[in-house]
file target_0.csv (CSV, C-alpha atoms)
chain,number,residue,atom,x,y,z
Y,1,ALA,CA,102.9,107.2,108.8
Y,2,GLN,CA,99.9,105.8,106.9
Y,3,SER,CA,96.9,105.3,109.2
Y,4,VAL,CA,93.2,104.8,109.1
Y,5,THR,CA,90.4,105.9,111.4
Y,6,GLN,CA,87.1,104.2,111.9
Y,7,PRO,CA,84.9,106.7,113.6
Y,8,ASP,CA,82.1,104.3,114.6
Y,9,ILE,CA,82.8,101.7,117.3
Y,10,HIS,CA,79.4,100.2,117.1
Y,11,ILE,CA,76.7,100.3,114.4
Y,12,THR,CA,73.3,98.7,114.6
Y,13,VAL,CA,71.1,98.2,111.5
Y,14,SER,CA,67.9,96.3,110.8
Y,15,GLU,CA,68.1,93.3,108.6
Y,16,GLY,CA,67.4,94.3,105.0
Y,17,ALA,CA,68.5,97.9,105.6
Y,18,SER,CA,71.4,99.5,103.9
Y,19,LEU,CA,74.8,99.8,105.6
Y,20,GLU,CA,77.7,102.2,105.4
Y,21,LEU,CA,80.8,101.8,107.5
Y,22,ARG,CA,83.2,104.8,107.5
Y,23,CYS,CA,86.9,104.7,107.1
Y,24,ASN,CA,89.2,107.7,106.8
Y,25,TYR,CA,92.9,107.4,105.9
Y,26,SER,CA,95.9,109.6,106.4
Y,27,TYR,CA,98.4,109.5,103.6
Y,28,GLY,CA,99.6,111.9,101.0
Y,29,ALA,CA,99.8,109.6,98.0
Y,30,THR,CA,97.3,107.1,96.8
Y,31,PRO,CA,97.0,104.5,99.6
Y,32,TYR,CA,96.5,100.8,99.4
Y,33,LEU,CA,93.2,100.3,101.2
Y,34,PHE,CA,91.5,97.1,102.5
Y,35,TRP,CA,88.4,96.1,104.3
Y,36,TYR,CA,88.4,92.9,106.3
Y,37,VAL,CA,85.6,91.2,108.3
Y,38,GLN,CA,86.1,89.1,111.4
Y,39,SER,CA,83.5,86.8,112.9
Y,40,PRO,CA,83.8,86.1,116.6
Y,41,GLY,CA,86.8,83.9,117.4
Y,42,GLN,CA,87.9,83.8,113.8
Y,43,GLY,CA,90.7,85.3,111.7
Y,44,LEU,CA,90.2,88.0,109.1
Y,45,GLN,CA,88.6,87.6,105.7
Y,46,LEU,CA,89.4,90.1,103.0
Y,47,LEU,CA,86.2,91.7,101.6
Y,48,LEU,CA,87.8,94.0,99.1
Y,49,LYS,CA,90.8,96.2,98.3
Y,50,TYR,CA,91.7,99.3,96.4
Y,51,PHE,CA,95.1,100.1,94.8
Y,52,SER,CA,94.3,102.3,91.8
Y,53,GLY,CA,91.8,102.7,89.0
Y,54,ASP,CA,88.1,102.6,89.4
Y,55,THR,CA,87.2,104.2,92.7
Y,56,LEU,CA,84.2,102.0,93.2
Y,57,VAL,CA,85.4,98.6,94.2
Y,58,GLN,CA,83.2,95.5,94.4
Y,59,GLY,CA,84.0,92.8,96.9
Y,60,ILE,CA,82.6,89.5,98.2
Y,61,LYS,CA,79.3,89.0,100.0
Y,62,GLY,CA,77.7,91.9,98.2
Y,63,PHE,CA,79.9,94.6,99.7
Y,64,GLU,CA,81.4,97.5,97.8
Y,65,ALA,CA,83.6,100.5,98.8
Y,66,GLU,CA,84.3,103.8,97.3
Y,67,PHE,CA,87.6,105.6,97.4
Y,68,LYS,CA,87.2,109.3,97.7
Y,69,ARG,CA,90.4,111.2,97.6
Y,70,SER,CA,88.9,114.6,98.3
Y,71,GLN,CA,87.4,113.2,101.5
Y,72,SER,CA,90.3,110.8,102.4
Y,73,SER,CA,87.7,108.2,102.8
Y,74,PHE,CA,87.1,104.5,101.8
Y,75,ASN,CA,83.6,103.7,103.1
Y,76,LEU,CA,82.2,100.2,103.0
Y,77,ARG,CA,78.6,99.8,101.8
Y,78,LYS,CA,76.0,97.1,101.4
Y,79,PRO,CA,72.5,97.8,100.0
Y,80,SER,CA,70.7,95.1,102.1
Y,81,VAL,CA,72.2,93.7,105.3
Y,82,HIS,CA,71.7,90.0,106.3
Y,83,TRP,CA,71.8,88.7,109.8
Y,84,SER,CA,75.0,86.8,108.9
Y,85,ASP,CA,76.8,90.1,108.3
Y,86,ALA,CA,77.0,90.8,112.0
Y,87,ALA,CA,80.7,90.8,112.7
Y,88,GLU,CA,83.7,93.1,113.3
Y,89,TYR,CA,84.8,95.1,110.3
Y,90,PHE,CA,88.3,96.4,110.0
Y,91,CYS,CA,89.7,99.0,107.6
Y,92,ALA,CA,93.4,98.8,106.9
Y,93,VAL,CA,96.0,100.7,104.9
Y,94,GLY,CA,99.2,99.5,103.5
Y,95,ALA,CA,102.1,101.1,105.5
Y,96,THR,CA,105.8,101.1,105.5
Y,97,LEU,CA,106.9,100.4,109.0
Y,98,PRO,CA,110.5,101.0,110.3
Y,99,ASN,CA,110.9,97.5,111.6
Y,100,SER,CA,108.5,95.4,109.5
Y,101,GLY,CA,108.7,97.1,106.1
Y,102,TYR,CA,105.6,96.7,104.0
Y,103,ALA,CA,102.8,95.9,106.5
Y,104,LEU,CA,99.2,96.8,107.3
Y,105,ASN,CA,97.9,99.4,109.7
Y,106,PHE,CA,94.5,98.6,111.0
Y,107,GLY,CA,91.7,100.8,112.2
Y,108,LYS,CA,90.1,100.1,115.6
Y,109,GLY,CA,87.2,98.3,114.0
Y,110,THR,CA,83.5,98.7,113.8
Y,111,SER,CA,81.2,96.2,115.4
Y,112,LEU,CA,78.1,95.6,113.4
Y,113,LEU,CA,74.9,94.3,115.0
Y,114,VAL,CA,72.0,93.3,112.9
Y,115,THR,CA,68.6,93.3,114.4
Y,116,PRO,CA,65.6,91.4,113.1
H,117,GLY,CA,92.5,81.5,97.2
H,118,ALA,CA,95.5,81.3,99.5
H,119,VAL,CA,94.8,79.4,102.7
H,120,VAL,CA,96.7,80.0,106.0
H,121,SER,CA,96.2,77.6,108.9
H,122,GLN,CA,97.0,77.9,112.6
H,123,HIS,CA,97.5,75.2,115.2
H,124,PRO,CA,96.3,74.9,117.8
H,125,SER,CA,93.1,76.9,117.6
H,126,ARG,CA,92.8,77.0,121.4
H,127,VAL,CA,95.4,76.2,124.0
H,128,ILE,CA,95.4,76.4,127.8
H,129,CYS,CA,98.7,76.3,129.6
H,130,LYS,CA,99.9,76.9,133.1
H,131,SER,CA,101.8,79.9,134.2
H,132,GLY,CA,105.5,79.5,133.7
H,133,THR,CA,105.3,77.0,130.8
H,134,SER,CA,105.9,77.6,127.1
H,135,VAL,CA,103.5,77.2,124.3
H,136,LYS,CA,104.2,77.0,120.5
H,137,ILE,CA,101.7,78.1,117.9
H,138,GLU,CA,102.2,77.1,114.3
H,139,CYS,CA,101.2,79.1,111.2
H,140,ARG,CA,101.2,77.3,107.8
H,141,SER,CA,100.6,78.5,104.3
H,142,LEU,CA,98.8,75.5,102.8
H,143,ASP,CA,98.9,76.1,99.0
H,144,PHE,CA,101.6,78.7,98.5
H,145,GLN,CA,105.0,79.6,99.7
H,146,ALA,CA,105.3,82.6,102.0
H,147,THR,CA,108.6,84.3,102.4
H,148,THR,CA,107.1,86.7,104.9
H,149,MET,CA,104.6,86.0,107.6
H,150,PHE,CA,103.3,88.3,110.3
H,151,TRP,CA,102.2,87.7,113.9
H,152,TYR,CA,99.5,89.8,115.5
H,153,ARG,CA,98.0,90.0,118.9
H,154,GLN,CA,94.4,90.9,119.5
H,155,PHE,CA,92.8,91.8,122.8
H,156,PRO,CA,89.0,91.4,123.3
H,157,LYS,CA,87.1,94.0,121.3
H,158,GLN,CA,90.2,95.6,120.0
H,159,SER,CA,92.1,95.8,116.8
H,160,LEU,CA,95.1,93.8,115.7
H,161,MET,CA,98.5,94.8,117.0
H,162,LEU,CA,101.4,93.7,114.9
H,163,MET,CA,104.0,92.0,117.0
H,164,ALA,CA,106.6,90.9,114.5
H,165,THR,CA,107.5,90.1,111.0
H,166,SER,CA,108.8,86.6,110.3
H,167,ASN,CA,111.1,86.2,107.3
H,168,GLU,CA,112.1,82.8,106.0
H,169,GLY,CA,115.7,82.0,106.8
H,170,SER,CA,116.4,85.1,108.8
H,171,LYS,CA,115.7,86.6,112.2
H,172,ALA,CA,112.3,88.0,112.9
H,173,THR,CA,111.9,91.8,113.2
H,174,TYR,CA,109.9,92.8,116.3
H,175,GLU,CA,107.7,95.9,116.7
H,176,GLN,CA,108.5,98.4,119.5
H,177,GLY,CA,107.5,97.2,122.9
H,178,VAL,CA,107.4,93.5,122.0
H,179,GLU,CA,109.7,91.3,124.0
H,180,LYS,CA,111.7,89.2,121.6
H,181,ASP,CA,112.9,86.9,124.3
H,182,LYS,CA,109.4,86.1,125.4
H,183,PHE,CA,107.9,85.8,121.9
H,184,LEU,CA,110.2,83.6,119.9
H,185,ILE,CA,109.6,83.4,116.2
H,186,ASN,CA,111.0,80.9,113.8
H,187,HIS,CA,110.4,80.8,110.1
H,188,ALA,CA,112.4,77.7,109.1
H,189,SER,CA,110.6,76.9,105.8
H,190,LEU,CA,108.6,78.8,103.2
H,191,THR,CA,105.4,77.3,104.5
H,192,LEU,CA,105.8,77.4,108.3
H,193,SER,CA,106.3,80.0,110.9
H,194,THR,CA,106.1,79.4,114.7
H,195,LEU,CA,105.5,81.6,117.6
H,196,THR,CA,106.6,80.3,121.0
H,197,VAL,CA,105.4,82.2,124.1
H,198,THR,CA,108.0,81.4,126.7
H,199,SER,CA,107.4,81.4,130.4
H,200,ALA,CA,103.8,82.4,129.8
H,201,HIS,CA,101.9,84.5,132.3
H,202,PRO,CA,98.2,85.3,132.6
H,203,GLU,CA,98.8,88.7,130.9
H,204,ASP,CA,100.0,86.8,127.8
H,205,SER,CA,96.5,85.4,127.4
H,206,SER,CA,95.2,86.7,124.1
H,207,PHE,CA,94.1,85.9,120.6
H,208,TYR,CA,97.1,85.4,118.3
H,209,ILE,CA,96.7,85.7,114.6
H,210,CYS,CA,99.2,85.0,111.9
H,211,SER,CA,99.2,86.1,108.3
H,212,ALA,CA,101.2,85.4,105.2
H,213,ARG,CA,102.2,88.0,102.6
H,214,VAL,CA,101.1,87.3,99.1
H,215,ALA,CA,101.9,90.7,97.6
H,216,THR,CA,103.4,93.9,98.8
H,217,TYR,CA,100.6,94.8,101.1
H,218,GLU,CA,98.3,91.9,100.7
H,219,GLN,CA,98.1,89.3,103.4
H,220,TYR,CA,96.0,86.2,104.0
H,221,PHE,CA,95.1,85.6,107.6
H,222,GLY,CA,95.0,82.4,109.7
H,223,PRO,CA,92.0,81.6,111.9
H,224,GLY,CA,93.7,82.6,115.1
H,225,THR,CA,94.8,80.9,118.3
H,226,ARG,CA,93.2,81.6,121.6
H,227,LEU,CA,95.8,81.3,124.4
H,228,THR,CA,94.7,81.1,128.0
H,229,VAL,CA,97.3,81.1,130.7
H,230,THR,CA,96.1,79.9,134.1

call {"tool": "encode", "arguments": {"input": "target_0.csv", "output": "C-alpha coordinates"}}
result
Amino acid sequence: AQSVTQPDIHITVSEGASLELRCNYSYGATPYLFWYVQSPGQGLQLLLKYFSGDTLVQGIKGFEAEFKRSQSSFNLRKPSVHWSDAAEYFCAVGATLPNSGYALNFGKGTSLLVTP
Amino acid sequence: GAVVSQHPSRVICKSGTSVKIECRSLDFQATTMFWYRQFPKQSLMLMATSNEGSKATYEQGVEKDKFLINHASLTLSTLTVTSAHPEDSSFYICSARVATYEQYFGPGTRLTVT
(Lines of atoms letter the chains of each structure in order from A and count residues from 1; the text may use other names and numbers.)
(Lines give C-alpha, C1' and ligand atoms only; values in the text may rest on other atoms or scores of the structure.)
Protein backbone atom coordinates (compact mmCIF):
# COMPACT_ATOMS: atom_id res chain seq x y z
CA ALA A 1 0.00 0.00 0.00
CA GLN A 2 1.05 3.56 -0.58
CA SER A 3 2.75 5.03 2.47
CA VAL A 4 4.97 7.91 3.52
CA THR A 5 7.70 8.19 6.09
CA GLN A 6 8.78 11.36 7.83
CA PRO A 7 12.15 10.54 9.40
CA ASP A 8 12.33 13.59 11.64
CA ILE A 9 9.96 13.80 14.60
CA HIS A 10 11.22 17.20 15.75
CA ILE A 11 13.19 19.91 14.00
CA THR A 12 14.41 23.16 15.47
CA VAL A 13 15.54 26.05 13.30
CA SER A 14 16.40 29.64 13.98
CA GLU A 15 14.15 32.34 12.63
CA GLY A 16 15.42 33.42 9.24
CA ALA A 17 17.23 30.15 8.59
CA SER A 18 16.33 27.79 5.80
CA LEU A 19 14.17 24.74 6.38
CA GLU A 20 13.91 21.32 4.83
CA LEU A 21 11.47 18.69 6.07
CA ARG A 22 11.93 15.20 4.73
CA CYS A 23 9.31 12.88 3.34
CA ASN A 24 9.88 9.53 1.65
CA TYR A 25 7.14 7.61 -0.09
CA SER A 26 6.60 3.99 -0.93
CA TYR A 27 4.76 3.43 -4.19
CA GLY A 28 5.66 1.97 -7.54
CA ALA A 29 3.91 4.41 -9.81
CA THR A 30 3.81 8.19 -9.64
CA PRO A 31 2.20 9.02 -6.34
CA TYR A 32 -0.16 11.82 -5.42
CA LEU A 33 1.74 13.70 -2.71
CA PHE A 34 0.68 16.42 -0.31
CA TRP A 35 2.09 18.55 2.47
CA TYR A 36 -0.22 19.82 5.19
CA VAL A 37 0.43 22.09 8.16
CA GLN A 38 -1.39 21.92 11.46
CA SER A 39 -1.23 24.62 14.11
CA PRO A 40 -1.98 23.54 17.71
CA GLY A 41 -5.61 22.65 18.19
CA GLN A 42 -6.44 23.27 14.56
CA GLY A 43 -7.31 21.28 11.47
CA LEU A 44 -5.00 20.74 8.54
CA GLN A 45 -4.19 23.31 5.90
CA LEU A 46 -2.92 22.25 2.50
CA LEU A 47 0.48 23.75 1.70
CA LEU A 48 1.05 22.16 -1.69
CA LYS A 49 0.49 19.06 -3.76
CA TYR A 50 2.12 17.09 -6.55
CA PHE A 51 0.35 14.95 -9.09
CA SER A 52 2.49 15.17 -12.21
CA GLY A 53 4.47 17.59 -14.34
CA ASP A 54 7.05 19.99 -12.97
CA THR A 55 8.77 18.30 -10.07
CA LEU A 56 9.31 21.55 -8.19
CA VAL A 57 6.02 22.61 -6.68
CA GLN A 58 5.28 26.00 -5.21
CA GLY A 59 2.85 26.31 -2.36
CA ILE A 60 1.40 28.84 -0.01
CA LYS A 61 3.29 30.75 2.69
CA GLY A 62 6.54 30.62 0.72
CA PHE A 63 6.91 26.84 0.83
CA GLU A 64 8.03 24.63 -2.01
CA ALA A 65 8.62 20.92 -2.42
CA GLU A 66 10.55 18.85 -4.90
CA PHE A 67 9.50 15.45 -6.14
CA LYS A 68 12.50 13.19 -6.71
CA ARG A 69 11.55 9.84 -8.12
CA SER A 70 15.08 8.45 -7.89
CA GLN A 71 15.10 9.07 -4.14
CA SER A 72 11.39 8.41 -3.54
CA SER A 73 11.27 11.75 -1.79
CA PHE A 74 9.07 14.81 -1.60
CA ASN A 75 10.90 17.18 0.73
CA LEU A 76 9.39 20.45 1.86
CA ARG A 77 11.57 23.58 1.86
CA LYS A 78 11.41 27.19 2.82
CA PRO A 79 14.32 29.60 2.32
CA SER A 80 13.67 31.72 5.40
CA VAL A 81 11.57 30.53 8.33
CA HIS A 82 9.31 32.85 10.31
CA TRP A 83 8.28 32.31 13.92
CA SER A 84 4.71 31.78 12.73
CA ASP A 85 5.84 28.67 10.83
CA ALA A 86 6.15 26.75 14.09
CA ALA A 87 3.60 23.95 13.72
CA GLU A 88 3.20 20.29 12.91
CA TYR A 89 3.83 19.31 9.30
CA PHE A 90 2.36 16.23 7.71
CA CYS A 91 3.30 14.59 4.45
CA ALA A 92 0.55 12.49 2.87
CA VAL A 93 0.15 10.21 -0.12
CA GLY A 94 -2.97 9.33 -2.03
CA ALA A 95 -3.82 5.71 -1.32
CA THR A 96 -6.44 3.21 -2.34
CA LEU A 97 -7.68 1.59 0.85
CA PRO A 98 -9.70 -1.64 0.94
CA ASN A 99 -12.59 -0.09 2.88
CA SER A 100 -12.40 3.60 2.11
CA GLY A 101 -11.29 3.62 -1.51
CA TYR A 102 -9.44 6.78 -2.48
CA ALA A 103 -8.02 8.24 0.73
CA LEU A 104 -4.89 9.76 2.22
CA ASN A 105 -2.16 8.02 4.17
CA PHE A 106 -0.38 10.41 6.48
CA GLY A 107 3.14 10.33 7.80
CA LYS A 108 3.67 10.63 11.53
CA GLY A 109 4.41 14.31 11.26
CA THR A 110 7.35 16.59 11.98
CA SER A 111 7.09 19.15 14.73
CA LEU A 112 8.84 22.39 13.82
CA LEU A 113 10.14 24.68 16.53
CA VAL A 114 11.42 28.11 15.56
CA THR A 115 13.83 29.84 17.90
CA PRO A 116 14.51 33.58 17.99
CA GLY B 1 -11.22 27.82 -1.50
CA ALA B 2 -13.47 25.12 -0.13
CA VAL B 3 -14.39 25.57 3.54
CA VAL B 4 -15.25 22.80 5.95
CA SER B 5 -16.65 23.60 9.38
CA GLN B 6 -17.06 21.49 12.47
CA HIS B 7 -19.32 21.97 15.44
CA PRO B 8 -18.69 22.04 18.29
CA SER B 9 -15.04 22.96 18.47
CA ARG B 10 -14.84 21.65 22.02
CA VAL B 11 -17.15 19.42 24.00
CA ILE B 12 -17.00 17.93 27.47
CA CYS B 13 -19.37 15.12 28.32
CA LYS B 14 -19.85 12.67 31.11
CA SER B 15 -18.97 9.02 30.77
CA GLY B 16 -21.89 7.01 29.41
CA THR B 17 -23.48 9.84 27.47
CA SER B 18 -23.46 10.35 23.71
CA VAL B 19 -22.14 13.31 21.81
CA LYS B 20 -22.71 14.38 18.21
CA ILE B 21 -20.16 16.22 16.09
CA GLU B 22 -21.21 17.94 12.88
CA CYS B 23 -19.11 18.41 9.77
CA ARG B 24 -20.35 20.78 7.07
CA SER B 25 -19.06 21.76 3.67
CA LEU B 26 -19.95 25.42 3.49
CA ASP B 27 -19.60 26.38 -0.14
CA PHE B 28 -19.58 23.12 -2.02
CA GLN B 29 -21.27 19.74 -2.05
CA ALA B 30 -19.35 16.79 -0.71
CA THR B 31 -20.43 13.33 -1.71
CA THR B 32 -17.69 11.86 0.45
CA MET B 33 -16.46 12.98 3.83
CA PHE B 34 -13.90 11.41 6.10
CA TRP B 35 -13.58 11.20 9.86
CA TYR B 36 -10.20 11.07 11.54
CA ARG B 37 -9.05 10.71 15.09
CA GLN B 38 -5.85 12.27 16.34
CA PHE B 39 -4.16 11.56 19.65
CA PRO B 40 -1.80 14.15 21.15
CA LYS B 41 1.42 14.53 19.22
CA GLN B 42 0.38 11.84 16.78
CA SER B 43 -0.75 11.58 13.21
CA LEU B 44 -4.28 11.35 11.89
CA MET B 45 -5.92 7.97 11.95
CA LEU B 46 -8.70 7.44 9.43
CA MET B 47 -11.76 6.12 11.21
CA ALA B 48 -14.34 5.94 8.46
CA THR B 49 -15.53 7.22 5.14
CA SER B 50 -18.94 8.81 4.98
CA ASN B 51 -20.83 8.65 1.70
CA GLU B 52 -23.98 10.67 1.15
CA GLY B 53 -27.04 8.49 1.09
CA SER B 54 -25.30 5.26 2.00
CA LYS B 55 -23.73 3.54 4.93
CA ALA B 56 -20.35 4.62 6.15
CA THR B 57 -17.37 2.35 5.65
CA TYR B 58 -15.21 1.88 8.70
CA GLU B 59 -11.53 1.17 8.93
CA GLN B 60 -10.33 -1.96 10.64
CA GLY B 61 -10.48 -1.75 14.40
CA VAL B 62 -13.05 1.04 14.54
CA GLU B 63 -16.25 0.11 16.34
CA LYS B 64 -19.12 1.05 14.07
CA ASP B 65 -21.66 0.75 16.88
CA LYS B 66 -19.72 3.19 19.01
CA PHE B 67 -18.93 5.72 16.29
CA LEU B 68 -22.14 6.27 14.36
CA ILE B 69 -21.77 8.19 11.13
CA ASN B 70 -24.61 9.71 9.15
CA HIS B 71 -24.27 11.58 5.87
CA ALA B 72 -27.82 12.63 5.22
CA SER B 73 -27.12 15.51 2.84
CA LEU B 74 -24.42 16.65 0.45
CA THR B 75 -23.20 19.24 2.93
CA LEU B 76 -23.50 17.52 6.30
CA SER B 77 -21.97 14.48 7.94
CA THR B 78 -22.30 13.71 11.62
CA LEU B 79 -20.27 11.55 13.96
CA THR B 80 -21.98 10.38 17.13
CA VAL B 81 -19.84 8.91 19.86
CA THR B 82 -22.20 6.67 21.77
CA SER B 83 -21.79 5.72 25.42
CA ALA B 84 -18.60 7.72 25.57
CA HIS B 85 -15.79 6.71 27.89
CA PRO B 86 -12.63 8.56 28.90
CA GLU B 87 -10.60 6.58 26.38
CA ASP B 88 -12.73 8.16 23.63
CA SER B 89 -11.30 11.54 24.53
CA SER B 90 -9.46 12.76 21.50
CA PHE B 91 -9.29 15.30 18.70
CA TYR B 92 -11.71 14.43 15.91
CA ILE B 93 -11.20 15.94 12.47
CA CYS B 94 -13.43 15.65 9.45
CA SER B 95 -12.61 16.33 5.84
CA ALA B 96 -14.49 16.56 2.58
CA ARG B 97 -13.28 15.13 -0.69
CA VAL B 98 -13.04 17.67 -3.49
CA ALA B 99 -11.18 15.47 -5.99
CA THR B 100 -9.91 11.89 -6.11
CA TYR B 101 -7.30 12.33 -3.43
CA GLU B 102 -7.84 15.94 -2.46
CA GLN B 103 -9.53 16.73 0.81
CA TYR B 104 -10.31 19.90 2.70
CA PHE B 105 -10.18 19.60 6.44
CA GLY B 106 -12.33 20.98 9.19
CA PRO B 107 -10.83 22.71 12.24
CA GLY B 108 -11.37 19.72 14.49
CA THR B 109 -13.38 18.96 17.63
CA ARG B 110 -11.76 18.37 20.99
CA LEU B 111 -13.77 15.77 22.91
CA THR B 112 -13.16 15.29 26.61
CA VAL B 113 -15.04 12.56 28.44
CA THR B 114 -15.05 12.88 32.22

call {"tool": "closest_residue", "arguments": {"input": "target_0.csv", "among": "H:Ser131, H:Ser205, H:Thr216, H:Ser199", "to": "chain Y", "atoms": "all atoms listed in the file"}}
result
H:Thr216

call {"tool": "residues_around", "arguments": {"input": "target_0.csv", "residues": "range 62-70 of chain Y", "least_positions_apart": "3", "cutoff": "12 Å", "atoms": "all atoms listed in the file", "output": "VMD selection string"}}
result
chain Y and resid 18 to 37 46 to 59 73 to 82 85 89 91

call {"tool": "interface_residues", "arguments": {"input": "target_0.csv", "of": "chain Y", "to": "chain H", "cutoff": "7 Å", "atoms": "all atoms listed in the file", "output": "ChimeraX atom specification"}}
result
/Y:42-44,94,99-100,102-104,106-109

call {"tool": "atom_distance", "arguments": {"input": "target_0.csv", "atom1": "CA of Pro116 in chain Y", "atom2": "CA of Ala92 in chain Y"}}
result
29.4 Å

call {"tool": "atom_distance", "arguments": {"input": "target_0.csv", "atom1": "CA of Ser39 in chain Y", "atom2": "CA of Ala95 in chain Y"}}
result
24.6 Å

call {"tool": "atom_distance", "arguments": {"input": "target_0.csv", "atom1": "CA of Ala146 in chain H", "atom2": "CA of Leu190 in chain H"}}
result
5.2 Å

call {"tool": "axis_aligned_box", "arguments": {"input": "target_0.csv", "around": "range 50-63 of chain Y", "padding_each_side": "3 Å", "output": "AutoDock Vina command-line options"}}
result
--center_x 86.4 --center_y 96.6 --center_z 94.5 --size_x 23.4 --size_y 21.2 --size_z 17.0

call {"tool": "closest_residue", "arguments": {"input": "target_0.csv", "among": "H:Cys139, H:Ile185, H:Val214, H:Val178", "to": "Arg153 in chain H", "atoms": "only C-alpha atoms"}}
result
H:Val178
